[in-house]
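> start_38.txt is reproduced below (compact mmCIF, C-alpha atoms).
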# COMPACT_ATOMS: atom_id res chain seq x y z
CA MET A 727 42.36 34.91 -111.04
CA ASN A 728 41.25 33.51 -114.42
CA ILE A 729 38.76 35.61 -116.35
CA ALA A 730 36.58 34.52 -119.28
CA ILE A 731 34.77 37.18 -121.30
CA PHE A 732 31.67 36.54 -123.39
CA LEU A 733 30.01 38.97 -125.79
CA VAL A 734 26.26 38.45 -125.68
CA GLY A 735 24.50 38.61 -129.03
CA GLY A 736 21.02 37.82 -130.28
CA GLU A 737 21.66 34.05 -130.40
CA PRO A 738 22.58 32.55 -126.99
CA PHE A 739 23.76 29.10 -128.10
CA PRO A 740 27.36 30.02 -129.10
CA ASN A 741 27.95 31.58 -125.69
CA MET A 742 26.30 28.73 -123.80
CA ILE A 743 28.28 26.07 -125.68
CA SER A 744 31.62 27.87 -125.26
CA LEU A 745 30.91 28.58 -121.60
CA GLY A 746 29.87 25.00 -120.89
CA TYR A 747 33.10 23.72 -122.37
CA MET A 748 35.33 26.17 -120.50
CA GLU A 749 33.70 25.29 -117.18
CA SER A 750 33.97 21.55 -117.75
CA CYS A 751 36.32 19.67 -115.45
CA ASP A 752 36.40 16.70 -117.85
CA ARG A 753 38.58 18.35 -120.48
CA ASP A 754 42.37 18.02 -120.55
CA ASP A 755 43.43 21.31 -122.14
CA PHE A 756 43.49 23.66 -119.13
CA ASP A 757 46.88 24.94 -120.32
CA GLU A 758 45.16 26.28 -123.45
CA ILE A 759 42.08 27.76 -121.72
CA PRO A 760 42.06 27.85 -117.90
CA VAL A 761 38.79 27.16 -116.07
CA PRO A 762 37.38 30.65 -115.33
CA ASP A 763 37.01 31.96 -111.81
CA LYS A 764 34.96 34.89 -113.10
CA VAL A 765 32.79 35.18 -116.20
CA PHE A 766 32.25 38.62 -117.68
CA MET A 767 28.99 38.94 -119.61
CA VAL A 768 29.20 41.95 -121.94
CA PHE A 769 25.77 42.98 -123.24
CA SER A 770 23.72 45.83 -124.66
CA ASN A 771 20.18 46.93 -123.86
CA TYR A 772 19.04 44.74 -126.74
CA THR A 773 20.66 41.57 -125.37
CA GLU A 774 20.06 42.07 -121.64
CA GLN A 775 17.31 39.43 -121.47
CA ILE A 776 19.53 36.94 -123.29
CA LYS A 777 22.28 37.65 -120.76
CA ASP A 778 19.83 36.87 -117.96
CA ARG A 779 19.09 33.49 -119.51
CA LEU A 780 22.77 32.69 -120.00
CA VAL A 781 23.58 33.46 -116.37
CA ARG A 782 21.40 30.48 -115.38
CA PHE A 783 23.87 28.17 -117.16
CA VAL A 784 26.98 29.37 -115.33
CA LYS A 785 27.85 26.52 -112.95
CA ASN A 786 30.71 27.60 -110.72
CA ALA A 787 32.25 30.88 -111.82
CA GLU A 788 31.25 34.25 -110.40
CA VAL A 789 29.34 36.34 -112.96
CA VAL A 790 30.27 39.96 -113.59
CA GLU A 791 27.72 41.84 -115.68
CA VAL A 792 29.09 44.45 -118.08
CA PRO A 793 26.27 46.60 -119.53
CA LEU A 794 27.28 48.69 -122.52
CA GLY A 795 23.91 50.41 -122.74
CA ASP A 796 22.28 51.25 -126.03
CA LYS A 797 23.82 51.29 -129.50
CA GLY A 798 24.69 54.96 -129.12
CA ARG A 799 27.57 54.29 -126.71
CA SER A 800 30.78 55.25 -128.52
CA PHE A 801 33.79 53.02 -129.05
CA THR A 802 35.85 55.12 -126.66
CA GLU A 803 33.22 54.95 -123.92
CA SER A 804 32.88 51.19 -124.26
CA ARG A 805 36.63 50.61 -124.29
CA ASP A 806 37.21 52.87 -121.30
CA LEU A 807 34.37 51.26 -119.36
CA PHE A 808 35.81 47.79 -119.90
CA LEU A 809 39.40 48.90 -119.21
CA SER A 810 38.30 50.48 -115.94
CA LEU A 811 36.47 47.30 -114.95
CA LEU A 812 39.55 45.14 -115.60
CA ARG A 813 41.71 47.44 -113.51
CA GLU A 814 39.23 47.35 -110.62
CA GLU A 815 39.07 43.56 -110.73
CA ASN A 816 42.88 43.35 -110.84
CA ASP A 817 43.17 45.59 -107.78
CA ARG A 818 40.87 43.24 -105.85
CA SER A 819 42.59 40.06 -107.02
CA PRO A 820 45.46 39.90 -109.53
CA ILE A 821 44.35 38.64 -112.97
CA THR A 822 46.50 35.72 -114.15
CA SER A 823 44.74 34.90 -117.44
CA ILE A 824 42.19 36.45 -119.77
CA SER A 825 40.09 34.52 -122.27
CA LEU A 826 37.87 36.36 -124.76
CA ASN A 827 35.26 34.40 -126.68
CA TYR A 828 34.16 36.68 -129.53
CA THR A 829 31.57 34.41 -131.16
CA GLY A 830 28.62 36.56 -130.04
CA GLY A 831 27.95 40.28 -129.83
CA THR A 832 28.56 42.93 -132.46
CA LYS A 833 31.77 43.89 -134.25
CA ALA A 834 31.78 47.23 -132.41
CA MET A 835 31.40 45.44 -129.07
CA ALA A 836 34.19 42.98 -129.90
CA LEU A 837 36.55 45.77 -131.00
CA ALA A 838 35.93 47.87 -127.89
CA VAL A 839 36.46 44.90 -125.53
CA TYR A 840 39.54 43.80 -127.47
CA ARG A 841 41.12 47.28 -127.19
CA GLY A 842 40.25 47.39 -123.50
CA ILE A 843 42.04 44.06 -122.96
CA ILE A 844 45.13 45.11 -124.96
CA ASP A 845 45.38 48.44 -123.12
CA PHE A 846 45.01 46.66 -119.78
CA CYS A 847 47.65 44.06 -120.60
CA ASP A 848 50.18 46.75 -121.57
CA GLY A 849 52.69 46.59 -118.75
CA GLN A 850 50.87 43.77 -116.93
CA ASN A 851 52.49 40.39 -116.32
CA ILE A 852 49.89 38.30 -118.13
CA PRO A 853 51.45 35.43 -120.11
CA GLU A 854 48.91 35.33 -122.92
CA VAL A 855 45.43 36.45 -123.81
CA VAL A 856 43.36 33.61 -125.25
CA PHE A 857 40.97 34.48 -128.09
CA SER A 858 38.45 31.81 -129.01
CA TYR A 859 35.69 31.46 -131.56
CA LEU A 860 33.02 28.78 -131.98
CA SER A 861 33.48 27.39 -135.46
CA PRO A 862 30.22 27.21 -137.45
CA ASN A 863 31.59 24.32 -139.52
CA SER A 864 32.90 22.03 -136.80
CA ASP A 865 32.20 21.01 -133.24
CA LYS A 866 35.31 22.87 -132.05
CA LEU A 867 36.59 26.11 -130.54
CA GLU A 868 39.19 27.89 -132.65
CA VAL A 869 41.83 29.21 -130.24
CA ASN A 870 44.25 32.00 -131.20
CA ASP A 871 44.28 30.66 -134.78
CA ARG A 872 46.61 28.05 -133.33
CA CYS A 873 44.54 25.00 -132.49
CA ASP A 874 41.03 23.64 -132.27
CA LEU A 875 39.62 22.49 -128.94
CA PRO A 876 38.85 19.93 -127.79
CA LYS A 877 41.76 18.14 -129.39
CA GLY A 878 41.41 14.78 -131.08
CA ASP A 879 38.17 13.09 -132.05
CA LYS A 880 36.02 14.62 -129.32
CA GLY A 881 33.84 17.64 -130.02
CA LEU A 882 32.24 20.30 -127.86
CA SER A 883 29.06 18.24 -127.84
CA ASN A 884 30.82 15.65 -125.68
CA PHE A 885 30.95 18.21 -122.88
CA ILE A 886 27.44 19.70 -123.12
CA ASP A 887 24.29 17.90 -121.97
CA MET A 888 20.95 19.66 -122.40
CA ASP A 889 17.32 18.66 -122.03
CA LEU A 890 14.11 20.20 -123.34
CA GLY A 891 13.77 22.50 -120.34
CA ASP A 892 17.28 23.87 -120.95
CA PHE A 893 16.47 24.67 -124.59
CA LEU A 894 13.25 26.47 -123.73
CA ALA A 895 14.81 28.38 -120.83
CA LEU A 896 17.75 29.49 -122.98
CA LYS A 897 15.42 30.79 -125.71
CA GLY A 898 12.91 32.37 -123.32
CA LEU A 899 10.12 29.98 -124.27
CA GLY A 900 8.96 29.10 -120.77
CA ASP A 901 9.93 26.49 -118.22
CA ALA A 902 6.94 24.16 -118.00
CA PRO A 903 5.86 22.68 -121.33
CA SER A 904 3.63 19.64 -121.44
CA TYR A 905 5.07 16.63 -123.25
CA LYS A 906 5.18 12.84 -123.31
CA MET A 907 8.16 10.49 -123.25
CA ASP A 908 6.40 7.14 -123.60
CA LEU A 909 4.22 5.26 -126.06
CA PRO A 910 0.48 4.73 -125.45
CA GLU A 911 -0.96 1.22 -125.16
CA CYS A 912 -3.12 1.71 -128.23
CA TYR A 913 0.03 2.17 -130.38
CA THR A 914 1.55 -1.03 -128.97
CA GLU A 915 -1.65 -2.89 -129.82
CA LEU A 916 -1.70 -1.30 -133.27
CA LYS A 917 1.80 -2.66 -133.95
CA ALA A 918 0.72 -6.08 -132.70
CA ILE A 919 -1.89 -6.35 -135.47
CA GLY A 920 0.88 -7.21 -137.90
CA ALA A 921 4.02 -6.08 -139.70
CA ASP A 922 1.99 -4.57 -142.55
CA VAL A 923 -0.43 -2.54 -140.45
CA PHE A 924 1.33 0.79 -141.16
CA ARG A 925 1.39 0.03 -144.87
CA ASP A 926 -2.33 -0.79 -144.70
CA ILE A 927 -3.39 2.41 -142.92
CA SER A 928 -1.20 4.58 -145.15
CA SER A 929 -2.68 3.15 -148.37
CA LYS A 930 -4.76 5.34 -150.66
CA ASP A 931 -7.81 3.11 -150.14
CA PHE A 932 -7.59 3.53 -146.37
CA GLN A 933 -7.09 7.31 -146.72
CA ARG A 934 -10.24 7.45 -148.86
CA GLY A 935 -12.01 5.44 -146.18
CA LEU A 936 -11.01 8.03 -143.58
CA ASP A 937 -12.39 10.79 -145.82
CA SER A 938 -15.71 8.92 -145.95
CA VAL A 939 -15.72 8.57 -142.15
CA ASP A 940 -15.21 12.35 -141.89
CA ASP A 941 -18.16 13.04 -144.20
CA GLU A 942 -20.50 10.60 -142.47
CA LEU A 943 -19.68 11.80 -138.95
CA ARG A 944 -20.25 15.43 -139.90
CA LYS A 945 -23.70 14.49 -141.21
CA ILE A 946 -24.66 12.59 -138.05
CA PHE A 947 -23.72 15.45 -135.75
CA ASP A 948 -24.69 18.22 -138.20
CA CYS A 949 -21.36 19.93 -137.64
CA ASP A 950 -18.54 20.87 -140.03
CA ASP A 951 -15.90 21.10 -137.30
CA LEU A 952 -14.39 17.62 -137.16
CA ASN A 953 -12.67 18.29 -133.82
CA LYS A 954 -16.03 19.10 -132.23
CA VAL A 955 -17.52 16.03 -133.84
CA LEU A 956 -14.81 13.80 -132.38
CA ARG A 957 -15.34 15.28 -128.92
CA LYS A 958 -19.04 14.50 -129.15
CA ILE A 959 -18.69 10.92 -130.38
CA ASP A 960 -18.30 9.24 -127.02
CA LYS A 961 -20.56 11.66 -125.16
CA ASP A 962 -23.59 11.02 -127.35
CA GLN A 963 -24.55 7.46 -126.48
CA GLY A 964 -27.48 7.54 -128.85
CA SER A 965 -25.22 7.69 -131.87
CA GLN A 966 -22.96 4.80 -130.92
CA GLY A 967 -24.67 2.38 -133.29
CA ASP A 968 -24.35 4.74 -136.23
CA VAL A 969 -20.70 5.48 -135.43
CA ALA A 970 -19.91 1.76 -135.17
CA ASP A 971 -21.58 1.13 -138.54
CA ILE A 972 -19.52 3.89 -140.19
CA PHE A 973 -16.24 2.54 -138.85
CA GLU A 974 -17.24 -0.99 -139.83
CA LYS A 975 -18.04 0.05 -143.39
CA TYR A 976 -15.06 2.27 -144.16
CA ILE A 977 -12.29 1.24 -141.73
CA PHE A 978 -12.68 -2.25 -140.32
CA SER A 979 -13.59 -3.69 -143.72
CA LEU A 980 -10.13 -2.66 -144.96
CA VAL A 981 -8.09 -3.51 -141.83
CA PRO A 982 -10.16 -5.93 -139.72
CA GLY A 983 -7.55 -6.07 -136.95
CA LEU A 984 -8.36 -2.47 -135.96
CA LYS A 985 -11.74 -3.51 -134.60
CA LYS A 986 -10.29 -5.11 -131.48
CA LEU A 987 -8.57 -1.84 -130.52
CA VAL A 988 -11.82 -0.03 -129.85
CA LEU A 989 -12.90 -2.80 -127.50
CA GLN A 990 -10.08 -1.87 -125.10
CA GLU A 991 -10.75 0.46 -122.16
CA HIS A 992 -8.03 2.91 -123.20
CA CYS A 993 -9.20 3.22 -126.83
CA ASN A 994 -12.57 4.76 -127.75
CA TRP A 995 -13.91 5.84 -131.15
CA LYS A 996 -12.28 9.25 -130.93
CA SER A 997 -8.84 7.94 -129.95
CA LEU A 998 -9.04 5.21 -132.60
CA TYR A 999 -9.82 7.75 -135.31
CA GLU A 1000 -6.95 10.02 -134.22
CA LEU A 1001 -4.57 7.07 -134.00
CA VAL A 1002 -5.18 5.70 -137.50
CA SER A 1003 -5.58 9.06 -139.23
CA TYR A 1004 -2.41 10.86 -138.09
CA GLU A 1005 -1.05 9.95 -134.64
CA TRP A 1006 0.45 6.66 -135.79
CA LEU A 1007 3.11 8.46 -137.83
CA GLU A 1008 4.24 10.63 -134.92
CA LEU A 1009 4.29 7.57 -132.65
CA LEU A 1010 6.24 5.54 -135.20
CA ILE A 1011 8.96 8.19 -135.41
CA PHE A 1012 9.08 8.50 -131.61
CA ASP A 1013 9.20 4.70 -131.32
CA VAL A 1014 12.24 4.49 -133.60
CA LEU A 1015 14.04 7.36 -131.86
CA SER A 1016 13.45 6.06 -128.34
CA THR A 1017 14.30 2.42 -129.05
CA GLU A 1018 17.01 2.62 -131.73
CA PHE A 1019 18.78 5.80 -130.58
CA LYS A 1020 18.98 5.58 -126.82
CA GLU A 1021 21.69 8.26 -126.67
CA LEU A 1022 19.00 10.82 -127.52
CA LYS A 1023 16.53 12.54 -125.24
CA SER A 1024 13.27 12.11 -127.16
CA TYR A 1025 9.95 13.87 -126.56
CA ARG A 1026 6.59 13.84 -128.32
CA ASP A 1027 3.38 15.84 -128.35
CA ILE A 1028 5.04 18.94 -126.90
CA TYR A 1029 2.72 21.84 -126.09
CA ILE A 1030 4.31 25.22 -125.33
CA GLU A 1031 2.43 28.20 -123.93
CA GLN A 1032 3.77 31.73 -123.51
CA PRO A 1033 1.92 34.63 -121.88
CA GLY A 1034 0.41 36.88 -124.51
CA LYS A 1035 1.43 34.65 -127.41
CA VAL A 1036 -0.25 31.93 -129.44
CA PRO A 1037 0.68 28.48 -128.04
CA PHE A 1038 2.26 25.98 -130.39
CA GLN A 1039 2.71 22.23 -130.60
CA ILE A 1040 5.60 20.04 -131.74
CA ASP A 1041 5.11 16.47 -132.94
CA VAL A 1042 8.47 14.91 -132.02
CA PHE A 1043 11.64 16.52 -130.67
CA ALA A 1044 15.01 14.89 -129.99
CA ILE A 1045 18.17 16.23 -128.35
CA LYS A 1046 21.74 15.05 -128.71
CA ASN A 1047 23.97 17.03 -126.33
CA TYR A 1048 23.31 20.62 -127.53
CA LYS A 1049 21.90 19.77 -130.96
CA SER A 1050 18.15 19.52 -131.55
CA PHE A 1051 16.09 17.64 -134.12
CA LEU A 1052 12.48 18.65 -134.72
CA PHE A 1053 10.29 16.12 -136.58
CA SER A 1054 7.09 17.44 -138.12
CA CYS A 1055 4.77 14.62 -139.23
CA THR A 1056 1.90 14.67 -141.71
CA THR A 1057 -0.02 11.78 -143.24
CA ASP A 1058 -0.73 13.98 -146.24
CA SER A 1059 1.28 13.87 -149.46
CA LYS A 1060 0.05 17.06 -151.14
CA GLU A 1061 3.04 19.20 -152.11
CA GLY A 1062 1.48 22.50 -151.02
CA LEU A 1063 0.55 21.26 -147.57
CA CYS A 1064 3.94 19.59 -147.08
CA LYS A 1065 5.75 22.80 -148.02
CA GLN A 1066 3.62 24.77 -145.56
CA LYS A 1067 4.38 22.26 -142.81
CA ALA A 1068 8.08 22.44 -143.68
CA PHE A 1069 8.18 26.23 -143.38
CA GLU A 1070 6.34 26.19 -140.04
CA ALA A 1071 8.52 23.39 -138.68
CA ASN A 1072 11.75 25.09 -139.73
CA GLN A 1073 10.70 28.31 -138.04
CA ARG A 1074 9.93 26.52 -134.76
CA SER A 1075 13.06 24.41 -135.01
CA ARG A 1076 15.37 27.42 -135.25
CA GLN A 1077 13.34 29.27 -132.63
CA ILE A 1078 14.07 26.52 -130.13
CA GLY A 1079 17.41 25.10 -131.25
CA GLY A 1080 19.22 28.02 -132.84
CA GLY A 1081 21.62 27.72 -135.76
CA HIS A 1082 22.53 24.09 -135.05
CA ALA A 1083 18.91 22.91 -135.12
CA LYS A 1084 17.82 20.39 -137.72
CA THR A 1085 14.31 20.10 -139.14
CA ILE A 1086 12.87 16.86 -140.51
CA LEU A 1087 9.55 16.70 -142.37
CA VAL A 1088 8.00 13.21 -142.29
CA SER A 1089 5.20 12.62 -144.79
CA LEU A 1090 3.59 10.03 -147.01
CA SER A 1091 5.04 11.67 -150.12
CA SER A 1092 6.74 9.64 -152.85
CA GLU A 1093 10.49 9.94 -153.40
CA ASP A 1094 9.90 12.20 -156.42
CA GLN A 1095 7.64 14.47 -154.37
CA CYS A 1096 10.21 14.56 -151.58
CA SER A 1097 12.91 15.65 -154.04
CA LYS A 1098 10.71 18.46 -155.35
CA ILE A 1099 9.90 19.69 -151.85
CA LYS A 1100 13.56 19.46 -150.83
CA ASN A 1101 14.58 21.54 -153.85
CA ASN A 1102 11.95 24.15 -153.03
CA MET A 1103 13.28 24.30 -149.48
CA SER A 1104 16.89 24.87 -150.62
CA ASP A 1105 17.07 28.09 -148.58
CA PHE A 1106 16.89 25.92 -145.45
CA GLY A 1107 20.30 24.48 -146.34
CA ILE A 1108 21.77 21.25 -145.02
CA ASN A 1109 19.77 21.41 -141.79
CA PHE A 1110 16.50 20.40 -143.50
CA SER A 1111 15.58 16.83 -144.43
CA ILE A 1112 12.42 15.13 -145.67
CA LEU A 1113 11.44 11.49 -145.25
CA GLY A 1114 8.81 9.98 -147.55
CA ILE A 1115 6.59 6.93 -147.53
CA ASP A 1116 9.18 4.51 -148.91
CA THR A 1117 11.48 5.31 -145.99
CA VAL A 1118 8.77 5.51 -143.33
CA LEU A 1119 7.34 2.06 -144.09
CA ASP A 1120 10.72 0.30 -144.06
CA ARG A 1121 12.11 0.34 -140.52
CA ASP A 1122 15.66 -0.45 -141.59
CA LYS A 1123 15.60 2.40 -144.12
CA LEU A 1124 14.07 4.71 -141.53
CA VAL A 1125 16.76 3.89 -138.95
CA GLY A 1126 19.45 4.42 -141.60
CA ALA A 1127 18.00 7.76 -142.72
CA ILE A 1128 17.74 9.07 -139.16
CA SER A 1129 21.31 7.90 -138.46
CA GLU A 1130 22.53 10.09 -141.34
CA ILE A 1131 20.52 13.07 -140.07
CA LEU A 1132 21.98 12.75 -136.57
CA LYS A 1133 25.58 13.00 -137.81
Let me see the structure of the file written as structure tokens.

Amino acid sequence: MNIAIFLVGGEPFPNMISLGYMESCDRDDFDEIPVPDKVFMVFSNYTEQIKDRLVRFVKNAEVVEVPLGDKGRSFTESRDLFLSLLREENDRSPITSISLNYTGGTKAMALAVYRGIIDFCDGQNIPEVVFSYLSPNSDKLEVNDRCDLPKGDKGLSNFIDMDLGDFLALKGLGDAPSYKMDLPECYTELKAIGADVFRDISSKDFQRGLDSVDDELRKIFDCDDLNKVLRKIDKDQGSQGDVADIFEKYIFSLVPGLKKLVLQEHCNWKSLYELVSYEWLELLIFDVLSTEFKELKSYRDIYIEQPGKVPFQIDVFAIKNYKSFLFSCTTDSKEGLCKQKAFEANQRSRQIGGGHAKTILVSLSSEDQCSKIKNNMSDFGINFSILGIDTVLDRDKLVGAISEILK
């Protein structure tokens, strides 16, 4: 019987990635790490819920749960508990190989399990104990300080395939988010206006026009809450003439092609305003991801609810094997607002994707502004990127920039 042992810590991804690789039948290094017949999950009271989530990702092996209780359990107790468990398992079916992945858990947990294994193997006919560790700097498992697996050019990511539901389930963020994986007709028609339409609606003149629309609409409906105003626009038939005049004066006069959008059944005043004021940027990023990077699983407008917690929304989210990329989009260019968006996005990104997650802020900031924001976000490290207006408005540059981020 082949046994694989995992130490469950506060971050589930290292265990899930290592486990997924070991259970894969597509690898060719079974002599280095045998496919496990049983998976031992060693956990404390603190990590019990994380263990429960990890169990869902075990495909074929039988799971043996090894609770070490609270932090007060002594080294001797933990070692003896694990040693006893190994002996019981061996009595039922002789153990032929033991693999310990010590990426997760605490140092005390790792030491106790290690001593239990060594004491068990004393006098047993077990060829070799395999110790493995998920390298933070490569897409490989370090095995017995002897080799990195998988061998050659392939990485662990070639053997792991996750979707949004897997990420949320692994991090305890619910199983049924709402999201979209297609582009709306109004965006397609917006693109059809012309190659320069995104440059036109991102210009300072157009942004000032949007500000004027905001002011005028608030006056008409005597309401300072723009969201409420937008919800009322198409319900209050009596104001349609005034609304049309405002859009004509401040929006259509600058980009005449936009006028035909509101004549379509699927595009009313509210949806047109939302499209040209901020949604276009999210849709542009999603468009590039879904058409130029088909190896990704791409999602947009994700809404996640958790009982007893404040729901949150994600603009665009992409997945490549087990690595996630969260894109937070803003049509603003103010440094303070962009920094706030960056902090919020980075928090959500790591909450969902763990240590391998990458965060990308997309804004209408200049290259100089982007550099300043990037420098201020230096604590985020190499997993944070920012794309500014010069990149956003040049599709080739945008594709190139995203290609670098995905590496």
> From the options A:Leu1022, A:Leu989, A:Leu1007, A:Met1103, which residue's atoms come nearest to Phe924 (chain A), counting only C-alpha atoms?
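Under the stated criterion, the closest residue is A:Leu1007.
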> Which residue is closest to Tyr747 (chain A)? Choose from A:Val1036, A:Leu882, A:Leu1132, A:Val839 and count only C-alpha atoms.
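Checking each of A:Val1036, A:Leu882, A:Leu1132, A:Val839 against Tyr747 (chain A), counting only C-alpha atoms, the winner is A:Leu882.
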> Calculated over only C-alpha atoms, which of the candidates A:Leu896, A:Ala1071, A:Leu875, A:Leu998 has the smallest distance to Pro738 (chain A)?
A:Leu896
> Taking 4 positions as the minimum chain separation for residues in the same chain, which residues sit within 12 Å of region 948-952 of chain A when counting all atoms listed in the file? Answer as number ranges by chain.
A: 937, 939-944, 956-959, 996, 999-1000
> Counting all atoms listed in the file, which of A:Tyr1004, A:Tyr1048, A:Phe1019, A:Phe739 gets nearest to Leu1090 (chain A)?
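So, comparing all the options, the nearest one is A:Tyr1004.
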> In terms of the shortest atom-to-atom distance over only C-alpha atoms, which of A:Lys906, A:Arg818, A:Lys985, A:Lys777 is closest to Asn741 (chain A)?
A:Lys777
> Give me the residues near Ile886 (chain A) as a compact mmCIF listing (two decimals) with C-alpha atoms, in the frame of the given file, where near means some atom within 10 Å (using all atoms listed in the file) and where sequence neighbours in that chain fewer than 3 positions away do not count.

# COMPACT_ATOMS: atom_id res chain seq x y z
CA MET A 742 26.30 28.73 -123.80
CA ILE A 743 28.28 26.07 -125.68
CA SER A 744 31.62 27.87 -125.26
CA LEU A 745 30.91 28.58 -121.60
CA GLY A 746 29.87 25.00 -120.89
CA TYR A 747 33.10 23.72 -122.37
CA SER A 750 33.97 21.55 -117.75
CA GLY A 881 33.84 17.64 -130.02
CA LEU A 882 32.24 20.30 -127.86
CA SER A 883 29.06 18.24 -127.84
CA LYS A 1046 21.74 15.05 -128.71
CA ASN A 1047 23.97 17.03 -126.33
CA TYR A 1048 23.31 20.62 -127.53
CA LYS A 1049 21.90 19.77 -130.96
> Compile the contact shell of Gly735 (chain A) as a list in words: residues with an atom at most 7 Å away, counting only C-alpha atoms, same-chain residues fewer than 3 positions apart removed.
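Within the cut-off, the hits are Pro738, Thr773, Gly830, Gly831 and Thr832 of chain A.
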> Mind pulling up the distance from CA of Asp845 (chain A) to CA of Cys873 (chain A)?
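Answer for the CA of Cys873 (chain A) to CA of Asp845 (chain A) separation: 25.3 Å.
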> How many Å separate CA of Val923 (chain A) from CA of Leu1009 (chain A)?
13.6 Å
> Would you kindly place N, CA, C and O atoms on region 850-863 of chain A and return the model as a PDB file, in the frame of the given file?

ATOM      1  N   GLN A 850      51.264  44.775-117.915  1.00  0.00           N
ATOM      2  CA  GLN A 850      50.870  43.770-116.930  1.00  0.00           C
ATOM      3  C   GLN A 850      51.594  42.446-117.204  1.00  0.00           C
ATOM      4  O   GLN A 850      51.949  42.147-118.345  1.00  0.00           O
ATOM      5  N   ASN A 851      51.792  41.675-116.173  1.00  0.00           N
ATOM      6  CA  ASN A 851      52.490  40.390-116.320  1.00  0.00           C
ATOM      7  C   ASN A 851      51.488  39.274-116.573  1.00  0.00           C
ATOM      8  O   ASN A 851      51.269  38.394-115.746  1.00  0.00           O
ATOM      9  N   ILE A 852      50.846  39.330-117.745  1.00  0.00           N
ATOM     10  CA  ILE A 852      49.890  38.300-118.130  1.00  0.00           C
ATOM     11  C   ILE A 852      50.483  37.524-119.293  1.00  0.00           C
ATOM     12  O   ILE A 852      50.775  38.099-120.350  1.00  0.00           O
ATOM     13  N   PRO A 853      50.723  36.219-119.100  1.00  0.00           N
ATOM     14  CA  PRO A 853      51.450  35.430-120.110  1.00  0.00           C
ATOM     15  C   PRO A 853      50.849  35.508-121.501  1.00  0.00           C
ATOM     16  O   PRO A 853      51.556  35.700-122.491  1.00  0.00           O
ATOM     17  N   GLU A 854      49.544  35.353-121.596  1.00  0.00           N
ATOM     18  CA  GLU A 854      48.910  35.330-122.920  1.00  0.00           C
ATOM     19  C   GLU A 854      47.418  35.560-122.781  1.00  0.00           C
ATOM     20  O   GLU A 854      46.786  35.086-121.828  1.00  0.00           O
ATOM     21  N   VAL A 855      46.882  36.303-123.724  1.00  0.00           N
ATOM     22  CA  VAL A 855      45.430  36.450-123.810  1.00  0.00           C
ATOM     23  C   VAL A 855      44.924  35.417-124.808  1.00  0.00           C
ATOM     24  O   VAL A 855      45.459  35.294-125.920  1.00  0.00           O
ATOM     25  N   VAL A 856      43.915  34.661-124.400  1.00  0.00           N
ATOM     26  CA  VAL A 856      43.360  33.610-125.250  1.00  0.00           C
ATOM     27  C   VAL A 856      42.129  34.141-125.968  1.00  0.00           C
ATOM     28  O   VAL A 856      41.190  34.614-125.321  1.00  0.00           O
ATOM     29  N   PHE A 857      42.135  34.085-127.294  1.00  0.00           N
ATOM     30  CA  PHE A 857      40.970  34.480-128.090  1.00  0.00           C
ATOM     31  C   PHE A 857      40.374  33.218-128.696  1.00  0.00           C
ATOM     32  O   PHE A 857      41.081  32.432-129.338  1.00  0.00           O
ATOM     33  N   SER A 858      39.085  33.033-128.499  1.00  0.00           N
ATOM     34  CA  SER A 858      38.450  31.810-129.010  1.00  0.00           C
ATOM     35  C   SER A 858      37.175  32.155-129.765  1.00  0.00           C
ATOM     36  O   SER A 858      36.529  33.180-129.520  1.00  0.00           O
ATOM     37  N   TYR A 859      36.850  31.261-130.687  1.00  0.00           N
ATOM     38  CA  TYR A 859      35.690  31.460-131.560  1.00  0.00           C
ATOM     39  C   TYR A 859      35.050  30.103-131.839  1.00  0.00           C
ATOM     40  O   TYR A 859      35.758  29.125-132.136  1.00  0.00           O
ATOM     41  N   LEU A 860      33.733  30.026-131.708  1.00  0.00           N
ATOM     42  CA  LEU A 860      33.020  28.780-131.980  1.00  0.00           C
ATOM     43  C   LEU A 860      32.854  28.602-133.475  1.00  0.00           C
ATOM     44  O   LEU A 860      32.144  29.364-134.129  1.00  0.00           O
ATOM     45  N   SER A 861      33.522  27.612-134.019  1.00  0.00           N
ATOM     46  CA  SER A 861      33.480  27.390-135.460  1.00  0.00           C
ATOM     47  C   SER A 861      32.087  26.966-135.909  1.00  0.00           C
ATOM     48  O   SER A 861      31.502  26.060-135.328  1.00  0.00           O
ATOM     49  N   PRO A 862      31.543  27.608-136.952  1.00  0.00           N
ATOM     50  CA  PRO A 862      30.220  27.210-137.450  1.00  0.00           C
ATOM     51  C   PRO A 862      30.260  25.916-138.253  1.00  0.00           C
ATOM     52  O   PRO A 862      29.233  25.313-138.519  1.00  0.00           O
ATOM     53  N   ASN A 863      31.463  25.479-138.647  1.00  0.00           N
ATOM     54  CA  ASN A 863      31.590  24.320-139.520  1.00  0.00           C
ATOM     55  C   ASN A 863      32.091  23.068-138.814  1.00  0.00           C
ATOM     56  O   ASN A 863      32.215  22.013-139.431  1.00  0.00           O
TER      57      ASN A 863
END
